[in-house]
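Participant: Input: one structure, supplied below.
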Amino acid sequence: MVNKVNNMLDDARLKDRTMTGTDIKITARNVQVHYGTSHAIKDLNVDILNNTVTAFIGPSGCGKSTFLRCLNRMNDTIASCRVDGEIKLDSEDIYDKKVDPVQLRAKVGMVFQKPNPFPKSIYDNVAYGPRIHGLARSKADLDDIVEKALRRGAIWDEVKDRLQSPGTGLSGGQQQRLCIARAVATEPEVLLMDEPCSALDPIATAQVEELIDELKQNYSVVIVTHSMQQAARVSQKTAFFHLGNLVEYGETGQIFTNPKDPRTESYISGRIG
Amino acid sequence: MTGDEQHIMRAYDRDLEAIQAMIIKMGGLVEDAIMNGTASLVNRDTELAEKVRAADKSVDDLEELINEEAARTIALRAPVSTDLRIILSVIKIAGSLERVGDYAKNIAKRTSVLAEMRPISGSDGTLKRMAREVQTMLKDTLDAFVRRDEALARDVINRDQDVDQMYNALFREFLTFMMEDPRNITACMHLHFIAKNVERMGDLVTNMAEQIVYLTTGSRPDENRPKGDRTAFMDGVD
């Protein structure tokens with residue numbers, strides 16, 4: 001029955017919106033995270049897809065940001081934090097001793113809750129990563145990289161005439177898109193976003209969400225958000241975290257219309273769980 | 001009514017409960033319309049028929065109110081999961097109830113005409129039983145809605161074939177009466193429409209029951225429910 005209707009609706013416009021990746025980009029197996037004695041992530045298993053926006057949702061303290069930070073080894077900087085288990089990026093263990101975390105973070109970029117441009121010019125904000133990773137051979141090369149990144153960050157038209165002005169002089173939404181441009185300048189494969197819109201007004205939020213949707217063509221995007229509506233709007237896959245457990249992981253439409261786990265149901269519908 | 005757990009925003013619970021209470025109220029009015037419409041026909045009670053026709057206005061008004069409240073809840077509360085299924089279901093159930101109410105009103109209208117004619121003997125009993133069966137199905141559907149009782153909803157879906165069978169029998173009976181005496185044709189045509197109305201009510205109640213299966217489980221029941229209306233294939237009395 002459904003197949004028959006699908007054949008009837010053989011239309012590119014309808015197919016477009018269901019397009020997501022199927023290749024697995026990140027595999028996590030039996031991941032445990034401890035902060036000192038507290039057990040923050042409990043035996044987590046998940047496959048994150050390429051060319052897909054994956055949303056992590058869950059109440060504060062559920063472990064979603066902790067897990068996000070595991071994906072580019074940001075937790076290495078926290079002395080009391082211990083990560084066990086296996087996380088593979090394209091079947092390469094990112095916690096292997098041979099892996100340089102700085103190189104890893106060039107591949108797995110991150111955007112934070114509050115826009116945090118460097119106290120430098122707009123140009124230098126974006127050029128910083130490519131410079132330290134030696135991605136540009138010449139000034140012209142670097143100019144190209146900066147322009148491409150600012151275009152991907154959907155901010156080029158707004159800043160092209162003032163690339164030498166300080167990044168901190170931009171509006172909040174512009175600063176966040178500048179940070180996204182900075183994150184994509186090193187040609188990452190995965191983009192992690194920790195509440196990228198919570199400090200933005202609705203218009204800037206919509207611009208960043210539109211950008212996230214475009215970014216999924218080139219990257220695997222993982223976004224942590226407290227806004228369930230944002231998760232519903234931008235993601236194709238949703239993972240619900242609760243008390244350090246990954247409770248449910250599935251197609252976003254299914255999670256929001258017919259979740260399998262009662263804890264997911266309680267959380268997304270705003271009930272006391 | 002919405003399960004054991006409450007929303008953190010209690011006003012959200014109140015909104016959902018109010019909209020479901022409206023469905024129950026509407027369902028009660030439609031049940032009355034079915035019983036009174038049929039009683040007016042069987043007892044040739046034109047006064048009661050008039051009351052049934054007048055009461056349909058409240059059913060229509062309630063449907064409009066339910067749709068408004070549903071739209072409001074979608075706009076203001078962005079319902080998801082079970083809450084979303086509640087809203088989708090009340091919209092569809094209200095639409096079906098409104099149609100059932102219309103069919104009952106149509107029975108009352110035809111009663112006013114039939115009361116002026118020579119009575120046709122024999123069909124009243126079957127019509128009455130058929131209407132009572134549909135009314136019971138509706139009552140059980142509303143109970144299944146309140147209790148989120150999937151098994152009861154599925155039971156209602158299976159009972160529709162009994163209604164269809166009674167309709168088949170009446171269809172043949174009316175054909176026979178009309179062949180016997182052409183003076184019966186006008187009355188039999190009206191009675192046939194009444195029987196068809198009740199049969200359609202059964203279908204609509206079945207739709208509501210299917211909607212309750214969706215509400216409780218998240219997926220629609222299989223298509224292959226038992227169907228008993230064979231009159232589309234009948235070419236005469238044989």
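By convention here, the chains of the structure tokens are called A, B, ... in the order presented, each chain's residues are numbered starting at 1, and ligands are numbered starting at 1 in the order presented.
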Output the contact residues of chain A with respect to chain B at a cut-off of 6 Å, based on only C-alpha atoms, as number ranges by chain.

Facilitator: A: 256-258, 269-272

Participant: Could you save those same residues with N, CA, C and O atoms as a PDB file, in the first residue's frame?

Facilitator:
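The resulting again-v4.pdb:
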```pdb
ATOM      1  N   PHE A 256       9.990  11.534  16.975  1.00  0.00           N
ATOM      2  CA  PHE A 256       9.035  12.569  17.380  1.00  0.00           C
ATOM      3  C   PHE A 256       7.573  12.198  17.147  1.00  0.00           C
ATOM      4  O   PHE A 256       6.685  12.894  17.625  1.00  0.00           O
ATOM      5  N   THR A 257       7.299  11.123  16.382  1.00  0.00           N
ATOM      6  CA  THR A 257       5.893  10.731  16.256  1.00  0.00           C
ATOM      7  C   THR A 257       5.594   9.465  17.037  1.00  0.00           C
ATOM      8  O   THR A 257       4.497   9.294  17.544  1.00  0.00           O
ATOM      9  N   ASN A 258       6.583   8.564  17.119  1.00  0.00           N
ATOM     10  CA  ASN A 258       6.292   7.282  17.755  1.00  0.00           C
ATOM     11  C   ASN A 258       7.539   6.703  18.417  1.00  0.00           C
ATOM     12  O   ASN A 258       8.064   5.684  17.975  1.00  0.00           O
ATOM     13  N   SER A 269       7.832  15.007  25.052  1.00  0.00           N
ATOM     14  CA  SER A 269       6.510  15.617  25.145  1.00  0.00           C
ATOM     15  C   SER A 269       6.396  16.505  26.381  1.00  0.00           C
ATOM     16  O   SER A 269       5.324  16.998  26.692  1.00  0.00           O
ATOM     17  N   GLY A 270       7.515  16.716  27.075  1.00  0.00           N
ATOM     18  CA  GLY A 270       7.504  17.652  28.195  1.00  0.00           C
ATOM     19  C   GLY A 270       6.788  17.123  29.422  1.00  0.00           C
ATOM     20  O   GLY A 270       6.092  17.859  30.108  1.00  0.00           O
ATOM     21  N   ARG A 271       6.913  15.803  29.656  1.00  0.00           N
ATOM     22  CA  ARG A 271       6.297  15.230  30.849  1.00  0.00           C
ATOM     23  C   ARG A 271       7.363  14.977  31.899  1.00  0.00           C
ATOM     24  O   ARG A 271       8.547  14.915  31.606  1.00  0.00           O
ATOM     25  N   ILE A 272       6.886  14.774  33.107  1.00  0.00           N
ATOM     26  CA  ILE A 272       7.807  14.473  34.189  1.00  0.00           C
ATOM     27  C   ILE A 272       8.245  13.032  34.036  1.00  0.00           C
ATOM     28  O   ILE A 272       7.420  12.124  34.041  1.00  0.00           O
TER      29      ILE A 272
END
```

Participant: I'd like the contact shell of stretch 235-238 of chain A - 8 Å cut-off, only C-alpha atoms, skipping same-chain residues fewer than 3 positions apart - returned as a list in words.

Facilitator: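 Contacts, with the query itself left out: Thr20, Thr52, Val53, Thr54, Ala55, Phe56, Ile57, Ala231, Ala232, Tyr249, Gly250, Glu251, Thr252, Gly253 and Ile255 of chain A.
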
Participant: Residues near A:Gly169, anyone? I mean within 12 Å using only C-alpha atoms, not counting same-chain ones fewer than 2 positions away, as a list in words.

Facilitator: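 What passes the distance filter is Pro115, Asn116, Pro117, Phe118, Pro119, Lys120, Ser121, Ile122, Val159, Arg162, Leu163, Gln164, Ser165, Pro166, Gly167, Ser171, Gly172, Gly173, Gln174, Gln175 and Leu178 of chain A.
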
Participant: Identify, on the basis of only C-alpha atoms, every residue whose closest approach to B:Ile19 does not exceed 9 Å; exclude the query and any residue fewer than 2 positions from it along the same chain; express the result as a list in words.

Facilitator: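 Counting only C-alpha atoms, the residues come to Arg14, Asp15, Leu16, Glu17, Ala21, Met22, Ile23, Leu65, Ile66, Glu69, Ala70, Ile87 and Val90 of chain B.
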
Participant: Would you mind exporting N, CA, C and O atoms of the selected residues as a PDB file, in the first residue's frame?

Facilitator:
```pdb
ATOM      1  N   ARG B  14      -4.408  20.240  30.637  1.00  0.00           N
ATOM      2  CA  ARG B  14      -5.801  20.723  30.651  1.00  0.00           C
ATOM      3  C   ARG B  14      -6.326  20.903  29.232  1.00  0.00           C
ATOM      4  O   ARG B  14      -7.457  20.537  28.926  1.00  0.00           O
ATOM      5  N   ASP B  15      -5.478  21.445  28.349  1.00  0.00           N
ATOM      6  CA  ASP B  15      -5.896  21.620  26.948  1.00  0.00           C
ATOM      7  C   ASP B  15      -6.249  20.278  26.311  1.00  0.00           C
ATOM      8  O   ASP B  15      -7.284  20.129  25.659  1.00  0.00           O
ATOM      9  N   LEU B  16      -5.353  19.295  26.500  1.00  0.00           N
ATOM     10  CA  LEU B  16      -5.581  17.986  25.876  1.00  0.00           C
ATOM     11  C   LEU B  16      -6.814  17.306  26.470  1.00  0.00           C
ATOM     12  O   LEU B  16      -7.583  16.660  25.757  1.00  0.00           O
ATOM     13  N   GLU B  17      -6.996  17.457  27.783  1.00  0.00           N
ATOM     14  CA  GLU B  17      -8.160  16.823  28.403  1.00  0.00           C
ATOM     15  C   GLU B  17      -9.451  17.477  27.927  1.00  0.00           C
ATOM     16  O   GLU B  17     -10.443  16.802  27.656  1.00  0.00           O
ATOM     17  N   ALA B  21     -12.516  15.690  26.119  1.00  0.00           N
ATOM     18  CA  ALA B  21     -13.855  15.732  26.728  1.00  0.00           C
ATOM     19  C   ALA B  21     -14.883  16.174  25.697  1.00  0.00           C
ATOM     20  O   ALA B  21     -16.030  15.692  25.695  1.00  0.00           O
ATOM     21  N   MET B  22     -14.483  17.079  24.797  1.00  0.00           N
ATOM     22  CA  MET B  22     -15.399  17.523  23.748  1.00  0.00           C
ATOM     23  C   MET B  22     -15.781  16.373  22.818  1.00  0.00           C
ATOM     24  O   MET B  22     -16.917  16.276  22.362  1.00  0.00           O
ATOM     25  N   ILE B  23     -14.806  15.493  22.533  1.00  0.00           N
ATOM     26  CA  ILE B  23     -15.095  14.318  21.693  1.00  0.00           C
ATOM     27  C   ILE B  23     -16.129  13.421  22.382  1.00  0.00           C
ATOM     28  O   ILE B  23     -17.079  12.947  21.757  1.00  0.00           O
ATOM     29  N   LEU B  65     -15.560  23.530  17.061  1.00  0.00           N
ATOM     30  CA  LEU B  65     -14.799  23.893  18.261  1.00  0.00           C
ATOM     31  C   LEU B  65     -13.577  22.982  18.430  1.00  0.00           C
ATOM     32  O   LEU B  65     -12.473  23.445  18.747  1.00  0.00           O
ATOM     33  N   ILE B  66     -13.795  21.683  18.201  1.00  0.00           N
ATOM     34  CA  ILE B  66     -12.686  20.723  18.331  1.00  0.00           C
ATOM     35  C   ILE B  66     -11.589  21.055  17.330  1.00  0.00           C
ATOM     36  O   ILE B  66     -10.399  21.063  17.667  1.00  0.00           O
ATOM     37  N   GLU B  69      -9.703  24.123  18.516  1.00  0.00           N
ATOM     38  CA  GLU B  69      -8.828  23.810  19.653  1.00  0.00           C
ATOM     39  C   GLU B  69      -7.615  23.002  19.202  1.00  0.00           C
ATOM     40  O   GLU B  69      -6.502  23.199  19.704  1.00  0.00           O
ATOM     41  N   ALA B  70      -7.841  22.082  18.253  1.00  0.00           N
ATOM     42  CA  ALA B  70      -6.737  21.256  17.754  1.00  0.00           C
ATOM     43  C   ALA B  70      -5.714  22.147  17.047  1.00  0.00           C
ATOM     44  O   ALA B  70      -4.503  22.019  17.277  1.00  0.00           O
ATOM     45  N   ILE B  87      -3.998  14.680  18.947  1.00  0.00           N
ATOM     46  CA  ILE B  87      -4.546  15.794  18.177  1.00  0.00           C
ATOM     47  C   ILE B  87      -5.001  15.339  16.791  1.00  0.00           C
ATOM     48  O   ILE B  87      -6.108  15.649  16.353  1.00  0.00           O
ATOM     49  N   VAL B  90      -8.254  13.274  17.275  1.00  0.00           N
ATOM     50  CA  VAL B  90      -9.502  13.984  17.598  1.00  0.00           C
ATOM     51  C   VAL B  90     -10.038  14.705  16.358  1.00  0.00           C
ATOM     52  O   VAL B  90     -11.249  14.755  16.146  1.00  0.00           O
TER      53      VAL B  90
END
```

Participant: To test your reading of the structure, identify every residue in stretch 1-161 of chain A that backbone DSSP assigns to alpha helix (DSSP H), and report it as a PyMOL selection string.

Facilitator: chain A and resi 2-8+12-16+64-70+101-107+122-132+139-152+156-159

Participant: For stretch 220-225 of chain A, list every protein, DNA or RNA residue within 8 Å, evaluated using only C-alpha atoms, and leave out those in the same chain fewer than 6 positions away; present the list as JSON, numbers by chain.

Facilitator: {"A": [25, 48, 49, 50, 51, 52, 53, 54, 55, 56, 57, 64, 65, 68, 189, 190, 191, 192, 193, 194, 195, 196, 212, 231]}

Participant: Once DSSP has gone over the backbone, tell me which residues of stretch 44-235 of chain A are in strand (DSSP E), as a PyMOL selection string.

Facilitator: chain A and resi 44-49+53-57+81-89+92-93+108-111+190-194+220-224

Participant: Leaving out stretch 198-209 of chain B and any residue of its chain fewer than 2 positions from it, which residues lie within 6 Å of it when counting only C-alpha atoms, given as a compact mmCIF listing (two decimals) with all heavy atoms, in the first residue's frame?

Facilitator:
```txt
# COMPACT_ATOMS: atom_id res chain seq x y z
N ILE B 93 -11.64 11.90 14.28
CA ILE B 93 -12.82 11.32 14.94
C ILE B 93 -13.96 12.33 14.91
O ILE B 93 -15.12 11.98 14.64
CB ILE B 93 -12.47 10.87 16.38
CG1 ILE B 93 -11.54 9.67 16.32
CG2 ILE B 93 -13.73 10.54 17.17
CD1 ILE B 93 -10.97 9.24 17.66
N SER B 96 -15.58 12.24 11.57
CA SER B 96 -16.43 11.07 11.38
C SER B 96 -17.73 11.18 12.20
O SER B 96 -18.81 10.84 11.71
CB SER B 96 -15.68 9.80 11.80
OG SER B 96 -14.57 9.58 10.97
N VAL B 100 -21.65 10.90 11.00
CA VAL B 100 -22.64 9.98 11.58
C VAL B 100 -23.86 10.78 12.03
O VAL B 100 -25.01 10.38 11.80
CB VAL B 100 -22.03 9.19 12.77
CG1 VAL B 100 -23.10 8.35 13.46
CG2 VAL B 100 -20.90 8.30 12.29
N VAL B 134 -24.93 -0.45 15.72
CA VAL B 134 -24.02 0.66 15.40
C VAL B 134 -23.84 1.56 16.63
O VAL B 134 -22.72 2.01 16.93
CB VAL B 134 -24.55 1.48 14.20
CG1 VAL B 134 -23.77 2.77 14.04
CG2 VAL B 134 -24.46 0.66 12.93
N LEU B 138 -20.39 2.41 18.51
CA LEU B 138 -19.93 3.78 18.77
C LEU B 138 -19.59 3.96 20.25
O LEU B 138 -18.57 4.54 20.60
CB LEU B 138 -21.01 4.79 18.33
CG LEU B 138 -20.71 6.26 18.63
CD1 LEU B 138 -19.39 6.69 18.00
CD2 LEU B 138 -21.83 7.16 18.12
N THR B 141 -16.41 2.33 20.93
CA THR B 141 -15.31 3.10 20.33
C THR B 141 -14.93 4.25 21.25
O THR B 141 -13.74 4.51 21.49
CB THR B 141 -15.72 3.62 18.95
OG1 THR B 141 -16.03 2.51 18.12
CG2 THR B 141 -14.60 4.42 18.31
N ALA B 153 -11.05 -1.60 20.48
CA ALA B 153 -11.15 -0.94 19.16
C ALA B 153 -11.11 -1.98 18.05
O ALA B 153 -11.90 -1.92 17.09
CB ALA B 153 -10.02 0.07 19.00
N ILE B 157 -13.93 -3.03 15.09
CA ILE B 157 -13.63 -3.15 13.65
C ILE B 157 -14.20 -4.46 13.10
O ILE B 157 -14.79 -4.50 12.03
CB ILE B 157 -12.10 -3.08 13.43
CG1 ILE B 157 -11.58 -1.68 13.80
CG2 ILE B 157 -11.74 -3.43 11.99
CD1 ILE B 157 -10.07 -1.56 13.90
N ASP B 160 -18.21 -4.74 12.39
CA ASP B 160 -18.87 -4.03 11.30
C ASP B 160 -19.48 -4.99 10.28
O ASP B 160 -20.47 -4.67 9.63
CB ASP B 160 -17.89 -3.07 10.61
CG ASP B 160 -18.59 -2.19 9.59
OD1 ASP B 160 -19.66 -1.66 9.92
OD2 ASP B 160 -18.08 -2.06 8.46
N ALA B 195 -31.48 2.45 5.65
CA ALA B 195 -30.62 1.29 5.92
C ALA B 195 -29.19 1.58 5.47
O ALA B 195 -28.21 1.27 6.17
CB ALA B 195 -31.16 0.05 5.20
N LYS B 196 -29.08 2.19 4.30
CA LYS B 196 -27.74 2.53 3.78
C LYS B 196 -27.05 3.53 4.73
O LYS B 196 -25.85 3.41 4.99
CB LYS B 196 -27.87 3.13 2.37
CG LYS B 196 -26.56 3.41 1.69
CD LYS B 196 -25.83 2.13 1.29
CE LYS B 196 -24.37 2.38 0.97
NZ LYS B 196 -23.60 1.12 0.93
N GLN B 211 -8.70 4.58 13.93
CA GLN B 211 -7.94 5.74 14.39
C GLN B 211 -7.46 5.52 15.83
O GLN B 211 -6.38 5.95 16.21
CB GLN B 211 -8.84 6.99 14.29
CG GLN B 211 -8.10 8.29 14.45
CD GLN B 211 -7.07 8.52 13.34
OE1 GLN B 211 -7.30 8.20 12.18
NE2 GLN B 211 -5.92 9.06 13.70
N ILE B 212 -8.28 4.81 16.62
CA ILE B 212 -7.88 4.56 18.02
C ILE B 212 -6.76 3.52 18.08
O ILE B 212 -5.87 3.62 18.93
CB ILE B 212 -9.12 4.16 18.85
CG1 ILE B 212 -9.96 5.42 19.03
CG2 ILE B 212 -8.73 3.59 20.21
CD1 ILE B 212 -11.38 5.18 19.35
```

Participant: Neighbours of A:Ala183 within 10 Å (only C-alpha atoms; same-chain residues fewer than 4 positions away dropped), as a PyMOL selection string?

Facilitator: chain A and resi 105-111+125-126+129+149+153+177-179+187-188+190-192

Participant: Take atom CA of B:Met166 and atom CA of B:Arg225 and report the distance between them in Å, one decimal.

Facilitator: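 About the pair atom CA of B:Met166 and atom CA of B:Arg225: they are 17.5 Å apart.
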
Participant: Nearest to A:Leu200: which of A:Gln113, A:Gly85, A:Gly244, A:Tyr128 is it, counting only C-alpha atoms?

Facilitator: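 Under the stated criterion, the closest residue is A:Gln113.
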
Participant: If I take atom CA of B:Arg110 and atom CA of B:Ile194, how far is one from the other in Å, to one decimal?

Facilitator: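 If I compute the distance from atom CA of B:Arg110 to atom CA of B:Ile194, I get 7.7 Å.
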